[in-house]
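Enquirer: Take this structure first; my questions come after.
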There are 2 protein chains.
Amino acid sequence: MHIAITGAAGFLGQRLVARLLSRGTLAGQAIRRLTLIDMVEPPVVAADGVEVTRLAMDITEPGRLDPVLATKPDVIYHLAAVVSAAAEADLALGMRVNFDATRVLLEGCHAHGLAGTRLVMASSVAAYGGELPEVVDDMTALQPQNSYGAQKAMSELLINDYSRRGLVDGRVLRLPTIIIRPGRPNAAASSFASSILREPLNGEAAVCPVPSDLSMFVMSPQKVVEALIHGAELAGDALGSFRAFMLPGITVSVAEMLETLRQVAGDEALALVRHEPDPRISAIVSAWPSRFTTRRALELGFRGDGDLREIVDAYLKAEA
Amino acid sequence: MHIAITGAAGFLGQRLVARLLSRGTLAGQAIRRLTLIDMVEPPVVAADGVEVTRLAMDITEPGRLDPVLATKPDVIYHLAAVVSAAAEADLALGMRVNFDATRVLLEGCHAHGLAGTRLVMASSVAAYGGELPEVVDDMTALQPQNSYGAQKAMSELLINDYSRRGLVDGRVLRLPTIIIRPGRPNAAASSFASSILREPLNGEAAVCPVPSDLSMFVMSPQKVVEALIHGAELAGDALGSFRAFMLPGITVSVAEMLETLRQVAGDEALALVRHEPDPRISAIVSAWPSRFTTRRALELGFRGDGDLREIVDAYLKAEA
């Protein structure tokens, strides 16, 4: 089993690599080889009996991935992306990384005859928007109100078309907003959703740029990584007529997040959250739906978190 | 009022040009200039007081449209496309014409500061597919089961994103299957839907490649051209949060089409239709939905045909 991962130096990429190495197998086969790709060289990982190659490259350049594709990976995780606020700030950059890189990858898989390769891409709740129904389901239109979501939705269509044509075996997981990300805030419009829990839990101040009654659809990093594993293990013909679907997150309001913070870490922690409305962030995030029925994902065996408290506890356990 | 049209030598393009010239105005302004663009030089049109430029060019090449965009057209109709069966047969060609050309056009509009230019693109019922509800509405997902539909859906997302960012004033009309096209069969998977009426009405034989119980969502060329006119006349802010929607076609079965043929032209005409199933055509066309509620289009003032008999009568009147 040879697995290639783009965006391998990123938050999800690194966690996925660690999880794959701790499992040792994917889809019932021993992992023999990992090819880790990012703009910067992915960090060294300890991996007994696994041949690990770490590559720094710009995968948006046609042909750059050829040497990797020539080795015929069994599974490709395509996690490389420019996050939402960054893609909104720079249309050309977002198109290149969030769409062109996907296209180059698909064309490369086609050129190298990788029809059986399982290509797992991460898409996003940000692909939804517009005049949405109260509860979004698997047949609700993607009418994104941000460039990141538009680029992800376009990539979904292309992966589905290549899969339908039998040129690759694609599957696209639409990720809920991930909380609690470890580390520092990033340029994702949803970055605050981790910050307002993570920083106070660590005794630091945080800014909440959105109203407390805003609801979000969220999933823990642990469950997202499990979904990425499961996404590669599914048989292609189980996936039906469209290769992209929403993962089973849970719906939480900012007020619930703050109340859970208070329950776990007290009034002192809660007082570390300063409310400072940011219309730019609010505009992007409030366009994302927060209530879903995720029938396809559940039928396919994907599982989410139980509740918000579980997510906070998992963070404290993982980062302690 | 300066109007540029890609695909101007095509079936819809030529009819749109004729209609624009017979009206003399668009959005309340006198038409002073028409720029007609296609792979081959569009035919000469008689146009008193209108400066007509006819250009043969490959608009998929970046930069080729620059001289046109530099003249700052007020309205651009983007009708250039590779039809469904042809796009299915040649993925690279379909991507280049159905998607890359749209992207190049949008990037050109941005580069030339055409924020106020109304860009009207034709999309298609072929963009729908998958596990559709009984009746499709404005918030039903596009899960195309053919490359043409996927390319159109991607173009829709890009036009919407450019419009949302204020870089162009786009609007995308999803066209029902157009019947009755004049002329000869083409490489569209839906070509038979015109053939089985047109050929017998002209005393010629036709082949029906699909089962009689297949239903389609259809619109006459006359109503499609009126919709293209109306689509350019709408104010951008009337269009809401997504710039693409389905036009109000009518639902007809192949059996109804054949019965209407019999009513209009007799058993003799009906006998000219030979039933010869083609699984390739059936697979594409049966994936397209045939029942819609088109609330957005109706609210915006778009109007369809009354019934199938009206469509046949309009054909006989126009082509007599």
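Note on naming: chains are A, B, ... as they come in the structure tokens, residues start from 1 per chain, ligands start from 1 in the order shown.
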Can you list, as a PyMOL selection string, every protein, DNA or RNA residue that comes within 6 Å of region 293-300 of chain A when you count only C-alpha atoms, leaving out same-chain residues fewer than 3 positions away?
Expert: chain A and resi 137+247-248
Enquirer: Taking only C-alpha atoms into account, report as number ranges by chain which residues of chain A lie within 6 Å of chain B.
Expert: A: 130, 139-141, 150, 154, 157, 241
Enquirer: Between B:Gly94, B:Ala4, B:Val75, B:Arg118, which is the closest to Asp237 (chain B) once you count only C-alpha atoms?
Expert: B:Arg118
Enquirer: Find the spatial neighbours of region 258-261 of chain B, counting only C-alpha atoms, within a cut-off of 10 Å - ignore same-chain residues fewer than 3 positions away - and output them as a list in words.
Expert: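 Contacts, with the query itself left out: Ile196, Leu197, Arg198, Pro200, Leu201, Ser212, Ser253, Val254, Ala255, Val264, Ala265, Gly266, Asp267, Glu268, Ala269, Leu270, Ala271, Val273, Leu308, Arg309 and Val312 of chain B.
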Enquirer: Report the residues of region 65-257 of chain B whose backbone DSSP state falls under strand (DSSP E or B), written as a ChimeraX atom specification.
Expert: /B:75-78,118-124,136,140,169-175,177-178,206-208,215-219,244-246,250-253
Enquirer: At a cut-off of 9 Å, using only C-alpha atoms, what residues contact Ile179 (chain A)? Leave out same-chain residues fewer than 4 positions from it and give the result as a list in words.
Expert: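 In the requested form, the answer reads Ser191, Ala193, Ser194, Ser195, Leu197, Arg198, Val218, Met219, Ser220, Pro221, Ile311, Val312 and Tyr315 of chain A.
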Enquirer: Any chance you could export the current selection's N, CA and C atoms as a PDB file, in the first residue's frame?
Expert:
ATOM      1  N   SER A 191     -11.484  30.436  11.774  1.00  0.00           N
ATOM      2  CA  SER A 191     -10.391  30.230  12.725  1.00  0.00           C
ATOM      3  C   SER A 191     -10.823  30.547  14.160  1.00  0.00           C
ATOM      4  N   ALA A 193     -13.468  29.921  15.659  1.00  0.00           N
ATOM      5  CA  ALA A 193     -14.250  28.875  16.316  1.00  0.00           C
ATOM      6  C   ALA A 193     -13.358  27.968  17.156  1.00  0.00           C
ATOM      7  N   SER A 194     -12.104  27.810  16.725  1.00  0.00           N
ATOM      8  CA  SER A 194     -11.145  27.102  17.571  1.00  0.00           C
ATOM      9  C   SER A 194     -10.565  28.047  18.625  1.00  0.00           C
ATOM     10  N   SER A 195     -10.227  29.271  18.209  1.00  0.00           N
ATOM     11  CA  SER A 195      -9.577  30.241  19.096  1.00  0.00           C
ATOM     12  C   SER A 195     -10.348  30.493  20.375  1.00  0.00           C
ATOM     13  N   LEU A 197     -12.175  28.736  22.060  1.00  0.00           N
ATOM     14  CA  LEU A 197     -12.067  27.651  23.039  1.00  0.00           C
ATOM     15  C   LEU A 197     -10.602  27.416  23.411  1.00  0.00           C
ATOM     16  N   ARG A 198      -9.760  27.309  22.400  1.00  0.00           N
ATOM     17  CA  ARG A 198      -8.363  26.922  22.626  1.00  0.00           C
ATOM     18  C   ARG A 198      -7.601  27.934  23.478  1.00  0.00           C
ATOM     19  N   VAL A 218     -19.920  21.526  13.128  1.00  0.00           N
ATOM     20  CA  VAL A 218     -18.523  21.310  13.508  1.00  0.00           C
ATOM     21  C   VAL A 218     -18.184  19.826  13.675  1.00  0.00           C
ATOM     22  N   MET A 219     -16.893  19.550  13.630  1.00  0.00           N
ATOM     23  CA  MET A 219     -16.388  18.186  13.824  1.00  0.00           C
ATOM     24  C   MET A 219     -14.981  18.297  14.424  1.00  0.00           C
ATOM     25  N   SER A 220     -14.640  17.351  15.264  1.00  0.00           N
ATOM     26  CA  SER A 220     -13.312  17.372  15.894  1.00  0.00           C
ATOM     27  C   SER A 220     -12.250  16.888  14.913  1.00  0.00           C
ATOM     28  N   PRO A 221     -10.995  17.329  15.102  1.00  0.00           N
ATOM     29  CA  PRO A 221      -9.906  16.832  14.244  1.00  0.00           C
ATOM     30  C   PRO A 221      -9.814  15.307  14.276  1.00  0.00           C
ATOM     31  N   ILE A 311     -15.938  17.006  22.237  1.00  0.00           N
ATOM     32  CA  ILE A 311     -14.914  17.645  21.395  1.00  0.00           C
ATOM     33  C   ILE A 311     -13.880  18.360  22.266  1.00  0.00           C
ATOM     34  N   VAL A 312     -14.364  19.069  23.286  1.00  0.00           N
ATOM     35  CA  VAL A 312     -13.452  19.794  24.183  1.00  0.00           C
ATOM     36  C   VAL A 312     -12.588  18.801  24.968  1.00  0.00           C
ATOM     37  N   TYR A 315      -9.875  17.410  22.829  1.00  0.00           N
ATOM     38  CA  TYR A 315      -8.776  18.380  22.657  1.00  0.00           C
ATOM     39  C   TYR A 315      -7.859  18.355  23.875  1.00  0.00           C
TER      40      TYR A 315
END
Enquirer: CA of Arg274 (chain A) and CA of Pro185 (chain A) are how many Å apart?
Expert: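 CA of Arg274 (chain A) sits 15.1 Å away from CA of Pro185 (chain A).
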Enquirer: Taking only region 227-277 of chain B into account, list the residues labelled alpha helix (DSSP H) by DSSP (computed from the backbone), as a PyMOL selection string.
Expert: chain B and resi 227-233+254-270
